[in-house]
file query.cif (mmCIF, N, CA and C atoms)
data_work
#
loop_
_atom_site.label_atom_id
_atom_site.label_comp_id
_atom_site.auth_asym_id
_atom_site.auth_seq_id
_atom_site.Cartn_x
_atom_site.Cartn_y
_atom_site.Cartn_z
N ALA A 1 -40.80 35.77 21.09
CA ALA A 1 -40.05 34.58 20.72
C ALA A 1 -40.33 33.44 21.70
N LEU A 2 -40.62 33.78 22.95
CA LEU A 2 -40.85 32.74 23.95
C LEU A 2 -42.14 31.96 23.70
N VAL A 3 -43.18 32.62 23.22
CA VAL A 3 -44.48 31.95 23.05
C VAL A 3 -44.78 31.57 21.62
N ARG A 4 -43.97 32.03 20.68
CA ARG A 4 -44.23 31.75 19.27
C ARG A 4 -44.48 30.26 18.98
N PRO A 5 -43.73 29.34 19.56
CA PRO A 5 -43.97 27.92 19.28
C PRO A 5 -45.35 27.42 19.71
N ARG A 6 -46.02 28.13 20.58
CA ARG A 6 -47.32 27.69 21.08
C ARG A 6 -48.50 28.34 20.37
N THR A 7 -48.25 29.31 19.51
CA THR A 7 -49.37 30.06 18.92
C THR A 7 -50.28 29.19 18.07
N GLU A 8 -49.75 28.21 17.37
CA GLU A 8 -50.60 27.34 16.56
C GLU A 8 -51.57 26.56 17.46
N GLU A 9 -51.06 26.04 18.56
CA GLU A 9 -51.90 25.32 19.52
C GLU A 9 -52.98 26.25 20.09
N TRP A 10 -52.58 27.46 20.44
CA TRP A 10 -53.53 28.42 21.01
C TRP A 10 -54.59 28.82 20.00
N ARG A 11 -54.17 29.01 18.75
CA ARG A 11 -55.15 29.37 17.72
C ARG A 11 -56.17 28.25 17.54
N THR A 12 -55.68 27.01 17.50
CA THR A 12 -56.58 25.86 17.36
C THR A 12 -57.55 25.80 18.53
N ARG A 13 -57.05 25.99 19.72
CA ARG A 13 -57.91 25.97 20.92
C ARG A 13 -58.96 27.07 20.85
N TRP A 14 -58.56 28.27 20.41
CA TRP A 14 -59.48 29.39 20.28
C TRP A 14 -60.53 29.10 19.20
N GLU A 15 -60.08 28.57 18.05
CA GLU A 15 -61.02 28.27 16.95
C GLU A 15 -62.05 27.23 17.37
N ARG A 16 -61.64 26.24 18.15
CA ARG A 16 -62.55 25.17 18.58
C ARG A 16 -63.38 25.55 19.80
N GLY A 17 -63.00 26.63 20.44
CA GLY A 17 -63.69 27.04 21.66
C GLY A 17 -64.41 28.35 21.51
N ALA A 18 -63.74 29.44 21.88
CA ALA A 18 -64.37 30.75 21.93
C ALA A 18 -64.90 31.22 20.58
N ALA A 19 -64.12 31.03 19.51
CA ALA A 19 -64.57 31.48 18.19
C ALA A 19 -65.79 30.70 17.73
N LEU A 20 -65.79 29.40 17.97
CA LEU A 20 -66.93 28.56 17.60
C LEU A 20 -68.18 28.96 18.38
N ALA A 21 -68.01 29.20 19.67
CA ALA A 21 -69.14 29.63 20.50
C ALA A 21 -69.67 30.98 20.06
N ALA A 22 -68.79 31.91 19.71
CA ALA A 22 -69.22 33.22 19.25
C ALA A 22 -69.98 33.12 17.93
N ALA A 23 -69.53 32.27 17.02
CA ALA A 23 -70.23 32.08 15.75
C ALA A 23 -71.61 31.48 15.97
N ALA A 24 -71.71 30.51 16.88
CA ALA A 24 -73.01 29.90 17.19
C ALA A 24 -73.95 30.94 17.79
N THR A 25 -73.43 31.79 18.65
CA THR A 25 -74.24 32.85 19.25
C THR A 25 -74.74 33.81 18.17
N ALA A 26 -73.88 34.16 17.23
CA ALA A 26 -74.28 35.05 16.14
C ALA A 26 -75.42 34.45 15.34
N HIS A 27 -75.36 33.16 15.04
CA HIS A 27 -76.44 32.50 14.30
C HIS A 27 -77.74 32.51 15.09
N GLN A 28 -77.64 32.27 16.39
CA GLN A 28 -78.84 32.28 17.23
C GLN A 28 -79.45 33.67 17.30
N LEU A 29 -78.61 34.69 17.43
CA LEU A 29 -79.13 36.06 17.46
C LEU A 29 -79.77 36.44 16.13
N ASP A 30 -79.17 36.00 15.03
CA ASP A 30 -79.76 36.25 13.71
C ASP A 30 -81.14 35.62 13.62
N ALA A 31 -81.27 34.39 14.13
CA ALA A 31 -82.56 33.70 14.10
C ALA A 31 -83.59 34.45 14.94
N LEU A 32 -83.19 34.88 16.13
CA LEU A 32 -84.11 35.63 16.99
C LEU A 32 -84.53 36.94 16.34
N GLU A 33 -83.60 37.58 15.68
CA GLU A 33 -83.91 38.83 14.99
C GLU A 33 -84.96 38.63 13.89
N ARG A 34 -84.95 37.45 13.26
CA ARG A 34 -85.94 37.11 12.23
C ARG A 34 -87.24 36.61 12.85
N GLY A 35 -87.28 36.52 14.18
CA GLY A 35 -88.48 36.04 14.85
C GLY A 35 -88.54 34.53 14.95
N GLU A 36 -87.42 33.86 14.71
CA GLU A 36 -87.35 32.40 14.77
C GLU A 36 -86.70 31.98 16.09
N GLY A 37 -87.47 31.30 16.91
CA GLY A 37 -86.94 30.87 18.21
C GLY A 37 -86.98 29.37 18.42
N ASP A 38 -87.13 28.62 17.34
CA ASP A 38 -87.24 27.17 17.46
C ASP A 38 -86.03 26.54 18.15
N HIS A 39 -84.86 27.14 17.97
CA HIS A 39 -83.67 26.56 18.58
C HIS A 39 -83.73 26.57 20.11
N LEU A 40 -84.59 27.41 20.67
CA LEU A 40 -84.72 27.48 22.12
C LEU A 40 -85.41 26.25 22.70
N ALA A 41 -86.15 25.52 21.88
CA ALA A 41 -86.84 24.31 22.35
C ALA A 41 -85.85 23.24 22.78
N GLY A 42 -84.66 23.26 22.24
CA GLY A 42 -83.65 22.27 22.59
C GLY A 42 -82.72 22.72 23.71
N ALA A 43 -83.07 23.81 24.38
CA ALA A 43 -82.21 24.34 25.43
C ALA A 43 -82.10 23.37 26.60
N ARG A 44 -80.95 23.38 27.24
CA ARG A 44 -80.72 22.54 28.41
C ARG A 44 -79.68 23.19 29.30
N VAL A 45 -79.61 22.73 30.50
CA VAL A 45 -78.62 23.21 31.46
C VAL A 45 -77.62 22.09 31.68
N HIS A 46 -76.35 22.44 31.67
CA HIS A 46 -75.33 21.43 31.95
C HIS A 46 -74.19 22.07 32.73
N GLU A 47 -73.40 21.23 33.34
CA GLU A 47 -72.29 21.70 34.15
C GLU A 47 -71.02 20.98 33.70
N ARG A 48 -69.96 21.72 33.63
CA ARG A 48 -68.66 21.13 33.30
C ARG A 48 -67.69 21.57 34.39
N ARG A 49 -67.03 20.61 35.01
CA ARG A 49 -66.10 20.92 36.09
C ARG A 49 -64.66 20.88 35.56
N PRO A 50 -63.81 21.71 36.13
CA PRO A 50 -62.42 21.72 35.67
C PRO A 50 -61.70 20.43 36.06
N VAL A 51 -60.76 20.03 35.22
CA VAL A 51 -59.94 18.85 35.52
C VAL A 51 -58.70 19.24 36.32
N VAL A 52 -58.33 20.52 36.25
CA VAL A 52 -57.21 21.06 37.03
C VAL A 52 -57.61 22.43 37.54
N ARG A 53 -57.36 22.70 38.80
CA ARG A 53 -57.67 24.01 39.37
C ARG A 53 -56.38 24.73 39.76
N GLY A 54 -56.36 26.04 39.51
CA GLY A 54 -55.27 26.88 39.99
C GLY A 54 -53.95 26.74 39.25
N ARG A 55 -53.99 26.26 38.03
CA ARG A 55 -52.77 26.15 37.22
C ARG A 55 -52.31 27.56 36.81
N PHE A 56 -51.03 27.73 36.64
CA PHE A 56 -50.52 29.03 36.22
C PHE A 56 -50.78 29.22 34.73
N GLY A 57 -51.31 30.39 34.38
CA GLY A 57 -51.55 30.75 32.99
C GLY A 57 -50.73 31.98 32.64
N MET A 58 -51.01 32.57 31.49
CA MET A 58 -50.24 33.74 31.04
C MET A 58 -50.47 34.96 31.93
N CYS A 59 -51.67 35.08 32.48
CA CYS A 59 -52.01 36.28 33.26
C CYS A 59 -52.42 35.94 34.69
N GLY A 60 -51.93 34.85 35.21
CA GLY A 60 -52.29 34.47 36.56
C GLY A 60 -52.65 33.00 36.63
N ARG A 61 -53.54 32.68 37.54
CA ARG A 61 -53.93 31.29 37.74
C ARG A 61 -55.24 31.02 37.03
N LEU A 62 -55.41 29.77 36.60
CA LEU A 62 -56.63 29.42 35.86
C LEU A 62 -57.03 27.99 36.13
N ASP A 63 -58.27 27.68 35.86
CA ASP A 63 -58.78 26.32 35.92
C ASP A 63 -58.80 25.77 34.50
N VAL A 64 -58.53 24.48 34.36
CA VAL A 64 -58.45 23.85 33.04
C VAL A 64 -59.66 22.95 32.84
N TYR A 65 -60.32 23.12 31.69
CA TYR A 65 -61.48 22.33 31.33
C TYR A 65 -61.17 21.51 30.09
N ARG A 66 -61.69 20.30 30.01
CA ARG A 66 -61.52 19.44 28.84
C ARG A 66 -62.89 19.17 28.23
N ASP A 67 -62.90 18.87 26.94
CA ASP A 67 -64.16 18.54 26.25
C ASP A 67 -64.66 17.18 26.66
#

call {"tool": "encode", "arguments": {"input": "query.cif", "output": "structure tokens"}}
result
Amino acid sequence: ALVRPRTEEWRTRWERGAALAAAATAHQLDALERGEGDHLAGARVHERRPVVRGRFGMCGRLDVYRD
């Protein structure tokens, strides 16, 4: 009952973050399995720094990242 009001927000965050990344990874693995690696030509390295460090989360402390 304590967290129920936040579940919609959490689901949206998960859908836009981890679930979306997992789906993209699945598509890339499917392409590699077919022998298609063209998507690797656009690879790049990037860094994203947290906007808040050490905030309390559900299971301890966490860093917060924004898009």

call {"tool": "residues_around", "arguments": {"input": "query.cif", "residues": "Arg53 (chain A)", "least_positions_apart": "2", "cutoff": "6 Å", "atoms": "only N, CA and C atoms", "output": "MDAnalysis selection string"}}
result
chainID A and resid 50:51 55 62:64

call {"tool": "atom_distance", "arguments": {"input": "query.cif", "atom1": "atom C of Trp14 (chain A)", "atom2": "atom N of Gly35 (chain A)"}}
result
28.2 Å

call {"tool": "atom_distance", "arguments": {"input": "query.cif", "atom1": "CA of Arg48 (chain A)", "atom2": "CA of Tyr65 (chain A)"}}
result
7.5 Å

call {"tool": "select_by_dssp", "arguments": {"input": "query.cif", "residues": "chain A", "states": "alpha helix (DSSP H)", "output": "ChimeraX atom specification"}}
result
/A:7-16,18-33

call {"tool": "atom_distance", "arguments": {"input": "query.cif", "atom1": "atom C of Arg66 (chain A)", "atom2": "atom N of Ala31 (chain A)"}}
result
27.7 Å

call {"tool": "closest_residue", "arguments": {"input": "query.cif", "among": "A:Asp67, A:Glu33, A:Glu47, A:Asp38", "to": "Arg13 (chain A)", "atoms": "only C-alpha atoms"}}
result
A:Asp67

call {"tool": "axis_aligned_box", "arguments": {"input": "query.cif", "around": "region 6-19 of chain A", "padding_each_side": "6 Å", "output": "lines of an AutoDock Vina configuration file"}}
result
center_x = -55.9
center_y = 28.3
center_z = 19.2
size_x = 31.8
size_y = 18.3
size_z = 17.4

call {"tool": "select_by_dssp", "arguments": {"input": "query.cif", "residues": "chain A", "states": "strand (DSSP E)", "output": "PyMOL selection string"}}
result
chain A and resi 52-57+60-64
